[in-house]
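One file, data_28.tsv, carrying TSV, C-alpha atoms:
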chain	number	residue	atom	x	y	z
A	19	MET	CA	38.85	33.42	14.23
A	20	SER	CA	35.48	34.96	13.50
A	21	ASP	CA	33.68	36.73	16.33
A	22	SER	CA	30.33	36.73	14.53
A	23	THR	CA	27.31	35.14	16.16
A	24	PRO	CA	25.72	32.25	14.25
A	25	PRO	CA	22.34	33.04	12.72
A	26	ALA	CA	19.25	32.17	14.71
A	27	PRO	CA	17.98	28.63	14.13
A	28	LEU	CA	15.28	27.70	11.67
A	29	ALA	CA	11.71	27.53	12.92
A	30	GLU	CA	11.11	24.58	15.22
A	31	ARG	CA	8.36	23.26	12.96
A	32	PHE	CA	10.97	22.08	10.45
A	33	SER	CA	12.30	19.60	12.99
A	34	ARG	CA	8.95	17.79	12.78
A	35	ILE	CA	9.11	17.32	9.00
A	36	ASP	CA	10.92	14.56	7.16
A	37	GLY	CA	11.00	15.60	3.54
A	38	SER	CA	13.45	12.92	2.48
A	39	ALA	CA	10.84	10.38	1.33
A	40	LEU	CA	9.15	12.82	-1.06
A	41	ARG	CA	12.47	14.10	-2.40
A	42	GLU	CA	13.62	10.56	-3.07
A	43	ILE	CA	10.39	9.74	-4.92
A	44	LEU	CA	10.81	12.78	-7.19
A	45	ALA	CA	14.49	11.97	-7.75
A	46	LEU	CA	13.60	8.48	-8.92
A	47	THR	CA	11.24	9.85	-11.55
A	48	ALA	CA	14.00	12.03	-13.02
A	49	ARG	CA	16.93	9.61	-13.18
A	50	PRO	CA	17.86	8.88	-16.83
A	51	GLY	CA	17.33	5.32	-18.01
A	52	VAL	CA	15.07	4.31	-15.14
A	53	ILE	CA	11.56	3.09	-15.88
A	54	SER	CA	9.88	4.71	-12.91
A	55	PHE	CA	6.58	3.47	-11.56
A	56	ALA	CA	7.21	5.79	-8.61
A	57	GLY	CA	5.69	9.16	-9.44
A	58	GLY	CA	2.02	9.81	-10.07
A	59	LEU	CA	2.74	11.62	-13.32
A	60	PRO	CA	0.29	12.13	-16.19
A	61	ALA	CA	1.54	10.91	-19.56
A	62	PRO	CA	3.09	13.95	-21.29
A	63	GLU	CA	2.21	12.68	-24.76
A	64	LEU	CA	-1.45	13.05	-23.77
A	65	PHE	CA	-1.20	16.75	-22.95
A	66	ASP	CA	-3.46	18.70	-25.30
A	67	ALA	CA	-0.49	20.93	-26.07
A	68	GLY	CA	-1.74	22.50	-29.29
A	69	ALA	CA	-5.05	23.54	-27.77
A	70	LEU	CA	-3.30	24.83	-24.67
A	71	GLN	CA	-0.90	26.86	-26.79
A	72	GLU	CA	-3.85	28.46	-28.60
A	73	SER	CA	-5.55	29.07	-25.25
A	74	PHE	CA	-2.51	30.88	-23.90
A	75	ALA	CA	-2.38	32.94	-27.09
A	76	ALA	CA	-6.01	33.89	-26.55
A	77	ALA	CA	-5.27	34.86	-22.95
A	78	LEU	CA	-2.27	36.94	-23.97
A	79	GLY	CA	-4.46	38.67	-26.52
A	80	ARG	CA	-5.93	40.49	-23.53
A	81	PRO	CA	-2.68	41.53	-21.78
A	82	HIS	CA	-4.33	44.24	-19.70
A	83	GLN	CA	-6.23	41.45	-17.94
A	84	SER	CA	-4.10	38.32	-18.20
A	85	LEU	CA	-0.78	39.94	-17.22
A	86	GLN	CA	-2.12	42.13	-14.42
A	87	TYR	CA	-2.67	41.50	-10.73
A	88	SER	CA	-5.99	39.78	-10.08
A	89	THR	CA	-8.37	39.02	-7.25
A	90	THR	CA	-7.55	36.36	-4.68
A	91	ASP	CA	-10.74	34.41	-5.40
A	92	GLY	CA	-9.74	33.68	-8.98
A	93	ASP	CA	-10.76	34.33	-12.57
A	94	PRO	CA	-14.59	34.56	-12.67
A	95	ASP	CA	-14.77	32.77	-16.03
A	96	LEU	CA	-12.66	29.90	-14.72
A	97	ARG	CA	-14.74	29.57	-11.56
A	98	GLU	CA	-17.92	29.53	-13.64
A	99	ALA	CA	-16.45	26.80	-15.84
A	100	ILE	CA	-15.46	24.70	-12.80
A	101	ALA	CA	-18.92	25.11	-11.31
A	102	ALA	CA	-20.45	24.01	-14.63
A	103	ARG	CA	-18.31	20.86	-14.64
A	104	TYR	CA	-19.51	19.97	-11.16
A	105	ALA	CA	-23.12	20.59	-12.21
A	106	ALA	CA	-22.68	18.25	-15.19
A	107	ARG	CA	-21.67	15.55	-12.68
A	108	GLY	CA	-24.73	16.17	-10.50
A	109	PHE	CA	-23.21	18.38	-7.81
A	110	ARG	CA	-24.49	21.95	-7.98
A	111	VAL	CA	-22.18	24.62	-6.60
A	112	ASP	CA	-22.03	28.37	-6.99
A	113	ALA	CA	-18.95	29.89	-8.59
A	114	GLY	CA	-18.76	32.24	-5.62
A	115	GLU	CA	-18.14	29.23	-3.37
A	116	LEU	CA	-14.88	28.42	-5.19
A	117	LEU	CA	-11.35	29.67	-4.54
A	118	VAL	CA	-8.77	29.08	-7.29
A	119	THR	CA	-5.42	27.90	-5.92
A	120	SER	CA	-1.92	27.12	-7.16
A	121	GLY	CA	-2.63	23.42	-7.48
A	122	SER	CA	-4.73	21.38	-5.07
A	123	GLN	CA	-1.65	21.03	-2.84
A	124	GLN	CA	-1.96	24.72	-2.02
A	125	ALA	CA	-5.67	24.20	-1.43
A	126	LEU	CA	-4.79	21.53	1.14
A	127	SER	CA	-2.27	23.83	2.81
A	128	LEU	CA	-4.83	26.64	2.98
A	129	ALA	CA	-7.42	24.31	4.49
A	130	ALA	CA	-4.91	23.24	7.13
A	131	THR	CA	-4.08	26.87	7.90
A	132	ALA	CA	-7.77	27.77	8.17
A	133	LEU	CA	-8.79	24.85	10.37
A	134	LEU	CA	-5.85	23.65	12.47
A	135	ASP	CA	-4.30	25.15	15.57
A	136	GLU	CA	-1.17	23.84	17.25
A	137	GLY	CA	-1.97	20.51	18.91
A	138	ASP	CA	-5.24	19.86	17.06
A	139	VAL	CA	-5.88	16.34	15.80
A	140	ALA	CA	-6.13	15.61	12.06
A	141	LEU	CA	-7.41	12.16	11.14
A	142	VAL	CA	-6.08	10.48	8.01
A	143	GLU	CA	-6.56	7.25	6.12
A	144	ASP	CA	-3.92	4.65	6.96
A	145	PRO	CA	-2.10	4.52	4.60
A	146	GLY	CA	-2.69	8.03	3.27
A	147	TYR	CA	-1.37	10.73	0.98
A	148	LEU	CA	2.22	11.48	1.98
A	149	ALA	CA	2.12	15.25	1.33
A	150	ALA	CA	-1.01	15.56	3.49
A	151	LEU	CA	0.79	13.91	6.40
A	152	GLN	CA	3.58	16.46	5.98
A	153	CYS	CA	1.14	19.35	5.61
A	154	PHE	CA	-0.70	18.60	8.85
A	155	THR	CA	2.51	18.01	10.76
A	156	PHE	CA	3.85	21.34	9.47
A	157	ALA	CA	0.67	23.03	10.74
A	158	GLY	CA	1.44	21.70	14.22
A	159	ALA	CA	-1.37	19.16	14.26
A	160	ARG	CA	-1.16	15.66	15.67
A	161	THR	CA	-1.87	13.29	12.78
A	162	VAL	CA	-3.81	10.19	13.82
A	163	PRO	CA	-4.47	7.24	11.46
A	164	VAL	CA	-7.87	5.60	10.96
A	165	ALA	CA	-8.04	1.93	10.08
A	166	THR	CA	-8.95	0.99	6.51
A	167	ASP	CA	-9.70	-2.08	4.45
A	168	ASP	CA	-9.82	-2.68	0.69
A	169	ASP	CA	-12.70	-0.18	0.41
A	170	GLY	CA	-11.12	2.61	2.41
A	171	ILE	CA	-11.95	4.02	5.84
A	172	LEU	CA	-13.94	1.78	8.17
A	173	PRO	CA	-16.81	3.86	9.62
A	174	ASP	CA	-16.83	1.94	12.92
A	175	ALA	CA	-13.10	2.51	13.33
A	176	LEU	CA	-13.60	6.18	12.46
A	177	GLU	CA	-16.26	6.63	15.13
A	178	GLU	CA	-14.11	4.92	17.73
A	179	THR	CA	-11.16	7.15	16.82
A	180	VAL	CA	-13.31	10.29	16.84
A	181	ARG	CA	-14.64	9.51	20.31
A	182	ARG	CA	-11.13	8.95	21.60
A	183	GLU	CA	-9.27	11.79	19.84
A	184	ARG	CA	-11.87	14.56	19.34
A	185	PRO	CA	-10.36	15.62	15.98
A	186	LYS	CA	-10.67	18.95	14.24
A	187	LEU	CA	-10.76	17.38	10.77
A	188	LEU	CA	-10.72	14.20	8.71
A	189	TYR	CA	-8.77	14.17	5.47
A	190	LEU	CA	-9.68	11.63	2.82
A	191	VAL	CA	-9.24	10.89	-0.88
A	192	PRO	CA	-12.43	8.96	-1.69
A	193	ASN	CA	-11.79	8.30	-5.39
A	194	PHE	CA	-8.83	6.10	-6.41
A	195	GLN	CA	-6.92	7.07	-3.32
A	196	ASN	CA	-3.24	7.88	-3.24
A	197	PRO	CA	-1.42	5.56	-2.51
A	198	THR	CA	-3.83	2.61	-2.60
A	199	GLY	CA	-6.11	3.30	-5.57
A	200	ARG	CA	-9.12	2.42	-3.39
A	201	THR	CA	-12.56	3.98	-3.83
A	202	LEU	CA	-14.83	4.69	-0.87
A	203	PRO	CA	-18.29	3.13	-1.43
A	204	ALA	CA	-21.44	5.25	-1.30
A	205	ASP	CA	-22.66	3.82	1.99
A	206	ARG	CA	-19.38	4.69	3.70
A	207	ARG	CA	-19.52	8.21	2.29
A	208	ARG	CA	-22.95	8.65	3.87
A	209	ALA	CA	-21.75	7.17	7.15
A	210	ILE	CA	-18.72	9.49	7.28
A	211	ALA	CA	-20.92	12.51	6.57
A	212	ALA	CA	-23.28	11.48	9.37
A	213	LEU	CA	-20.38	11.07	11.80
A	214	ALA	CA	-19.07	14.53	10.91
A	215	ALA	CA	-22.50	15.99	11.65
A	216	ARG	CA	-22.80	14.07	14.92
A	217	TYR	CA	-19.36	14.88	16.29
A	218	GLY	CA	-18.65	18.25	14.69
A	219	PHE	CA	-15.40	17.63	12.83
A	220	TRP	CA	-14.54	19.02	9.40
A	221	ILE	CA	-13.98	16.89	6.31
A	222	VAL	CA	-11.27	17.83	3.83
A	223	GLU	CA	-12.15	15.85	0.70
A	224	ASP	CA	-9.39	15.70	-1.90
A	225	ASP	CA	-10.47	14.61	-5.39
A	226	PRO	CA	-7.67	14.99	-7.94
A	227	TYR	CA	-8.39	11.64	-9.65
A	228	GLY	CA	-12.21	11.46	-9.74
A	229	GLU	CA	-12.57	11.99	-13.49
A	230	LEU	CA	-10.08	9.22	-14.27
A	231	ARG	CA	-12.56	6.37	-13.83
A	232	TYR	CA	-12.13	3.31	-16.06
A	233	ASP	CA	-14.73	0.96	-14.59
A	234	GLY	CA	-17.95	1.33	-12.64
A	235	THR	CA	-20.25	4.27	-11.97
A	236	PRO	CA	-19.08	7.66	-10.65
A	237	LEU	CA	-20.07	8.39	-7.05
A	238	PRO	CA	-21.17	11.77	-5.66
A	239	PRO	CA	-18.62	13.52	-3.47
A	240	VAL	CA	-18.96	13.43	0.29
A	241	ALA	CA	-19.51	17.19	0.02
A	242	ALA	CA	-22.82	16.45	-1.75
A	243	GLU	CA	-24.17	14.62	1.31
A	244	PRO	CA	-26.62	16.95	3.12
A	245	ALA	CA	-25.15	16.04	6.51
A	246	ALA	CA	-21.69	17.18	5.39
A	247	ALA	CA	-22.56	20.21	3.25
A	248	ASP	CA	-21.75	22.76	5.95
A	249	ARG	CA	-18.52	21.11	7.09
A	250	THR	CA	-16.70	19.83	3.98
A	251	ILE	CA	-13.89	21.52	2.06
A	252	LEU	CA	-13.70	19.87	-1.37
A	253	LEU	CA	-10.41	20.12	-3.26
A	254	GLY	CA	-10.05	19.75	-7.03
A	255	SER	CA	-7.37	20.09	-9.68
A	256	LEU	CA	-6.68	20.40	-13.39
A	257	SER	CA	-3.29	18.73	-12.97
A	258	LYS	CA	-4.34	15.18	-13.81
A	259	ILE	CA	-6.83	16.02	-16.57
A	260	MET	CA	-5.24	19.04	-18.26
A	261	ALA	CA	-1.59	19.55	-17.23
A	262	PRO	CA	0.19	19.74	-13.86
A	263	GLY	CA	2.47	22.54	-15.08
A	264	LEU	CA	-0.50	24.91	-15.08
A	265	ARG	CA	-0.56	24.62	-11.26
A	266	LEU	CA	-4.30	25.18	-11.15
A	267	GLY	CA	-6.50	23.77	-8.43
A	268	TRP	CA	-9.39	24.99	-6.32
A	269	LEU	CA	-11.36	24.47	-3.18
A	270	HIS	CA	-15.08	24.59	-2.55
A	271	ALA	CA	-16.10	25.42	1.00
A	272	PRO	CA	-18.80	26.91	3.21
A	273	GLU	CA	-18.62	30.69	3.53
A	274	ALA	CA	-16.65	30.98	6.78
A	275	ALA	CA	-14.02	28.44	5.74
A	276	LEU	CA	-13.82	29.90	2.23
A	277	SER	CA	-13.18	33.37	3.63
A	278	ALA	CA	-10.48	32.05	5.98
A	279	CYS	CA	-8.77	30.19	3.13
A	280	ALA	CA	-8.85	33.32	0.96
A	281	THR	CA	-7.24	35.33	3.75
A	282	ALA	CA	-4.55	32.68	4.14
A	283	LYS	CA	-3.93	32.72	0.38
A	284	GLN	CA	-3.48	36.49	0.37
A	285	SER	CA	-0.53	36.08	2.70
A	286	ALA	CA	0.91	33.26	0.58
A	287	ASP	CA	0.80	34.53	-3.01
A	288	LEU	CA	-1.99	37.12	-3.34
A	289	HIS	CA	-3.52	35.13	-6.19
A	290	THR	CA	-2.84	32.23	-8.55
A	291	SER	CA	-1.19	33.00	-11.91
A	292	THR	CA	-3.53	35.29	-13.81
A	293	VAL	CA	-2.36	34.18	-17.23
A	294	ALA	CA	-2.64	30.47	-16.41
A	295	GLN	CA	-6.18	30.99	-15.14
A	296	ALA	CA	-7.15	32.98	-18.25
A	297	ALA	CA	-5.69	30.29	-20.52
A	298	ALA	CA	-7.53	27.52	-18.69
A	299	ALA	CA	-10.78	29.48	-18.91
A	300	ALA	CA	-10.20	29.98	-22.64
A	301	TYR	CA	-9.53	26.25	-23.08
A	302	LEU	CA	-12.71	25.29	-21.23
A	303	THR	CA	-14.69	27.71	-23.40
A	304	ARG	CA	-13.20	26.71	-26.77
A	305	TYR	CA	-12.40	23.00	-26.41
A	306	ASP	CA	-14.06	19.83	-25.19
A	307	LEU	CA	-12.21	18.77	-22.05
A	308	ASP	CA	-14.62	15.86	-21.54
A	309	ALA	CA	-13.59	14.39	-24.91
A	310	HIS	CA	-9.92	14.84	-24.00
A	311	VAL	CA	-10.42	13.14	-20.63
A	312	ALA	CA	-12.26	10.28	-22.32
A	313	LYS	CA	-9.20	9.74	-24.52
A	314	MET	CA	-6.96	9.75	-21.45
A	315	ARG	CA	-9.19	7.21	-19.71
A	316	GLY	CA	-8.93	4.83	-22.63
A	317	VAL	CA	-5.14	5.03	-22.68
A	318	TYR	CA	-4.73	4.76	-18.92
A	319	ALA	CA	-7.11	1.80	-18.66
A	320	GLU	CA	-4.98	-0.06	-21.20
A	321	ARG	CA	-1.86	0.74	-19.18
A	322	ARG	CA	-3.48	-0.34	-15.92
A	323	ASP	CA	-4.45	-3.65	-17.50
A	324	ALA	CA	-0.92	-4.13	-18.88
A	325	MET	CA	0.55	-3.69	-15.41
A	326	LEU	CA	-1.99	-5.99	-13.81
A	327	ALA	CA	-1.25	-8.65	-16.42
A	328	GLY	CA	2.49	-8.45	-15.74
A	329	LEU	CA	2.51	-8.35	-11.94
A	330	PRO	CA	2.19	-12.13	-11.35
A	331	ALA	CA	5.57	-12.67	-13.02
A	332	ALA	CA	7.15	-9.49	-11.62
A	333	LEU	CA	6.51	-9.86	-7.88
A	334	PRO	CA	7.48	-12.72	-5.57
A	335	VAL	CA	5.11	-15.67	-5.17
A	336	GLY	CA	2.63	-14.88	-2.44
A	337	SER	CA	2.37	-11.18	-3.29
A	338	THR	CA	-1.08	-9.56	-3.58
A	339	TRP	CA	-2.38	-6.42	-5.25
A	340	ASN	CA	-5.64	-4.64	-6.02
A	341	ARG	CA	-7.39	-3.71	-9.27
A	342	PRO	CA	-8.31	-0.01	-9.04
A	343	ASP	CA	-11.36	1.25	-10.91
A	344	GLY	CA	-9.48	4.39	-11.90
A	345	GLY	CA	-6.75	6.81	-10.95
A	346	MET	CA	-3.04	6.18	-11.28
A	347	PHE	CA	-1.98	3.64	-8.69
A	348	ILE	CA	-1.89	-0.07	-7.89
A	349	TRP	CA	-1.23	-1.03	-4.27
A	350	ALA	CA	0.69	-4.24	-3.75
A	351	ARG	CA	1.93	-6.26	-0.81
A	352	LEU	CA	4.91	-8.61	-0.76
A	353	PRO	CA	4.95	-11.81	1.29
A	354	GLU	CA	5.29	-11.30	5.06
A	355	ASP	CA	9.05	-11.79	5.17
A	356	ARG	CA	9.84	-9.23	2.44
A	357	ASP	CA	10.62	-5.52	2.85
A	358	ALA	CA	9.68	-3.24	-0.06
A	359	THR	CA	12.49	-0.79	0.70
A	360	THR	CA	15.03	-3.58	0.37
A	361	LEU	CA	13.45	-4.62	-2.91
A	362	LEU	CA	13.58	-1.01	-4.14
A	363	ARG	CA	17.36	-0.88	-3.69
A	364	ARG	CA	17.75	-3.95	-5.89
A	365	ALA	CA	15.16	-2.62	-8.34
A	366	VAL	CA	17.06	0.64	-8.86
A	367	ASP	CA	20.13	-1.43	-9.72
A	368	GLN	CA	17.98	-2.93	-12.50
A	369	ASP	CA	16.87	0.57	-13.64
A	370	VAL	CA	13.28	0.30	-12.44
A	371	ALA	CA	11.63	2.09	-9.52
A	372	PHE	CA	8.48	2.10	-7.39
A	373	VAL	CA	7.56	3.65	-4.04
A	374	PRO	CA	7.75	1.59	-0.82
A	375	GLY	CA	4.54	1.89	1.18
A	376	ALA	CA	6.07	2.65	4.59
A	377	PRO	CA	6.20	6.50	4.25
A	378	PHE	CA	2.45	6.64	3.59
A	379	TYR	CA	1.54	5.40	7.09
A	380	ALA	CA	0.85	7.79	9.94
A	381	GLY	CA	0.87	4.82	12.30
A	382	GLU	CA	2.94	1.65	12.33
A	383	PRO	CA	3.97	1.05	8.70
A	384	ASP	CA	3.45	-2.14	6.76
A	385	ARG	CA	6.91	-2.48	5.24
A	386	ALA	CA	5.82	-5.16	2.79
A	387	THR	CA	3.62	-2.72	0.86
A	388	LEU	CA	4.45	-0.75	-2.28
A	389	ARG	CA	2.80	1.65	-4.73
A	390	LEU	CA	3.12	1.35	-8.51
A	391	SER	CA	1.96	4.02	-10.93
A	392	PHE	CA	0.92	2.82	-14.39
A	393	THR	CA	0.10	6.06	-16.25
A	394	SER	CA	3.51	7.25	-17.46
A	395	TYR	CA	4.46	4.49	-19.91
A	396	PRO	CA	2.86	2.59	-22.81
A	397	PRO	CA	2.31	-1.16	-22.37
A	398	ALA	CA	5.59	-2.20	-24.00
A	399	GLU	CA	7.62	-0.11	-21.55
A	400	ILE	CA	5.49	-1.31	-18.65
A	401	ASP	CA	6.32	-4.87	-19.70
A	402	GLU	CA	10.03	-4.01	-19.79
A	403	GLY	CA	9.88	-2.34	-16.42
A	404	LEU	CA	8.12	-5.32	-14.88
A	405	ALA	CA	10.71	-7.66	-16.42
A	406	ARG	CA	13.40	-5.61	-14.67
A	407	LEU	CA	11.42	-5.75	-11.44
A	408	ALA	CA	11.19	-9.53	-11.75
A	409	LYS	CA	14.99	-9.72	-11.92
A	410	ALA	CA	15.26	-7.58	-8.80
A	411	ALA	CA	12.68	-9.65	-6.94
A	412	SER	CA	14.45	-12.91	-7.76
A	413	ALA	CA	17.92	-11.65	-6.79

Take the structure from the file and write it as structure tokens.
Amino acid sequence: MSDSTPPAPLAERFSRIDGSALREILALTARPGVISFAGGLPAPELFDAGALQESFAAALGRPHQSLQYSTTDGDPDLREAIAARYAARGFRVDAGELLVTSGSQQALSLAATALLDEGDVALVEDPGYLAALQCFTFAGARTVPVATDDDGILPDALEETVRRERPKLLYLVPNFQNPTGRTLPADRRRAIAALAARYGFWIVEDDPYGELRYDGTPLPPVAAEPAAADRTILLGSLSKIMAPGLRLGWLHAPEAALSACATAKQSADLHTSTVAQAAAAAYLTRYDLDAHVAKMRGVYAERRDAMLAGLPAALPVGSTWNRPDGGMFIWARLPEDRDATTLLRRAVDQDVAFVPGAPFYAGEPDRATLRLSFTSYPPAEIDEGLARLAKAASA
């Protein structure tokens, strides 16, 4: 019999986190033979692999720079290129106001570290991005949902919640939101900025999908609203428009928040991959990313339309769904008496998958909801996947 003492327990914060939903989503995307509408994955055949290979070769041609330690803030050439892309879209930022991160997920984690103390309130869209709910819970915050409709957060509901909860921050994805695909209209963006100025909370604005617009006119970020300029941390990413394997994102923030995020990043990883940053900077200098994104938009719009055309036959009578103007996701709702998790079990038996909506809610979940991603497969495979889903729904 051993007389050793068991190791001390894990940190208490892990007891607050349920990582099972996210793990299950990722597992569904990897299972052989399954047509998975679950993960928000870019289409790999659209990666500009040849140009990226040449860009990495160019970066490695300067090994004394690209293979060495670097500054926490990020590659100056890459930050200049990101700032130029914002300027081309009408939002002028200084490269010195940007911090390069290991994907926008790290940017979100750094923002949470910089802004949230134990017990602070973080407001989120309901439903909202699953990893953000986990991030804020991990930071020790109390995550409180704000009511939404088909156009996103309701400003009146936000003000009521702010008065009641006195939050430290509001997190939102205004363009083609994950999971719903909704886009926040311009008047609501202005209203949210005004409420932040009136009540003093921060806005963490996550925009990984903004350049994937298929219909309509692009809208300025909330960060561009004068009322919100001194209290918004804007997150961006190359994952959806270049390649997620690069793990390159960034945040734009006012000076105090930017400095705090940089300090938090130093304790996490010192700096983002030097060689990946140098390769991305080389790509943005040598190649036309706008032309590449335009190609992606054309392909993804066709895939969105293929899924929309097939949903009436795939889902039970009485189901509803939206038509997103961009992004990667369609948000659907089964009839009142149906549970999407139950349908998923039958769907997996038919070798097709989606994500039930329940894990995306910080409040009481709507178990009839589900998220379908349309970007990973060409129309013929989408049709096949929806045919399998129809079999599951009729079982």

Just the number, please: distance in Å from CA of Pro262 in chain A to CA of Ala242 in chain A, one decimal.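 Between these atoms lies a distance of 26.2 Å.
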
Taking (3.9, -6.6, 0.0) in the file's coordinates as the center, which residues reach within 8 Å of it, counting all atoms listed in the file, put as a ChimeraX atom specification? /A:337-338,350-354,356-358,385-388

Ranking A:Asp225, A:Asp138, A:Glu72, A:Asp21 by minimum distance to Ala298 in chain A and counting only C-alpha atoms, which one comes first?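 Distance minimum relative to Ala298 in chain A lands on A:Glu72.
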
Between CA of Pro238 in chain A and CA of Arg207 in chain A, what distance in Å does the model show, to one decimal?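 Rounded to one decimal, the two atoms are 8.9 Å apart.
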
Closest atom pairs, residues of range 287-391 of chain A within 12 Å of range 124-131 of chain A, only C-alpha atoms, as JSON lines:
{"residue": "A:Asp287", "atom": "CA", "partner": "A:Gln124", "partner_atom": "CA", "distance": 10.2}
{"residue": "A:His289", "atom": "CA", "partner": "A:Gln124", "partner_atom": "CA", "distance": 11.3}
{"residue": "A:Thr290", "atom": "CA", "partner": "A:Gln124", "partner_atom": "CA", "distance": 10.0}

Can you tell me, as a list of chain:residue names, what residues are no more than 12 Å from Ala75 in chain A when counting all atoms listed in the file, ignoring any on the same chain fewer than 4 positions away?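 Close residues of Ala75 in chain A: A:Gly68, A:Ala69, A:Leu70, A:Gln71, A:Gly79, A:Arg80, A:Pro81, A:Ser84, A:Val293, A:Ala294, A:Ala296, A:Ala297, A:Ala298, A:Ala300, A:Tyr301.
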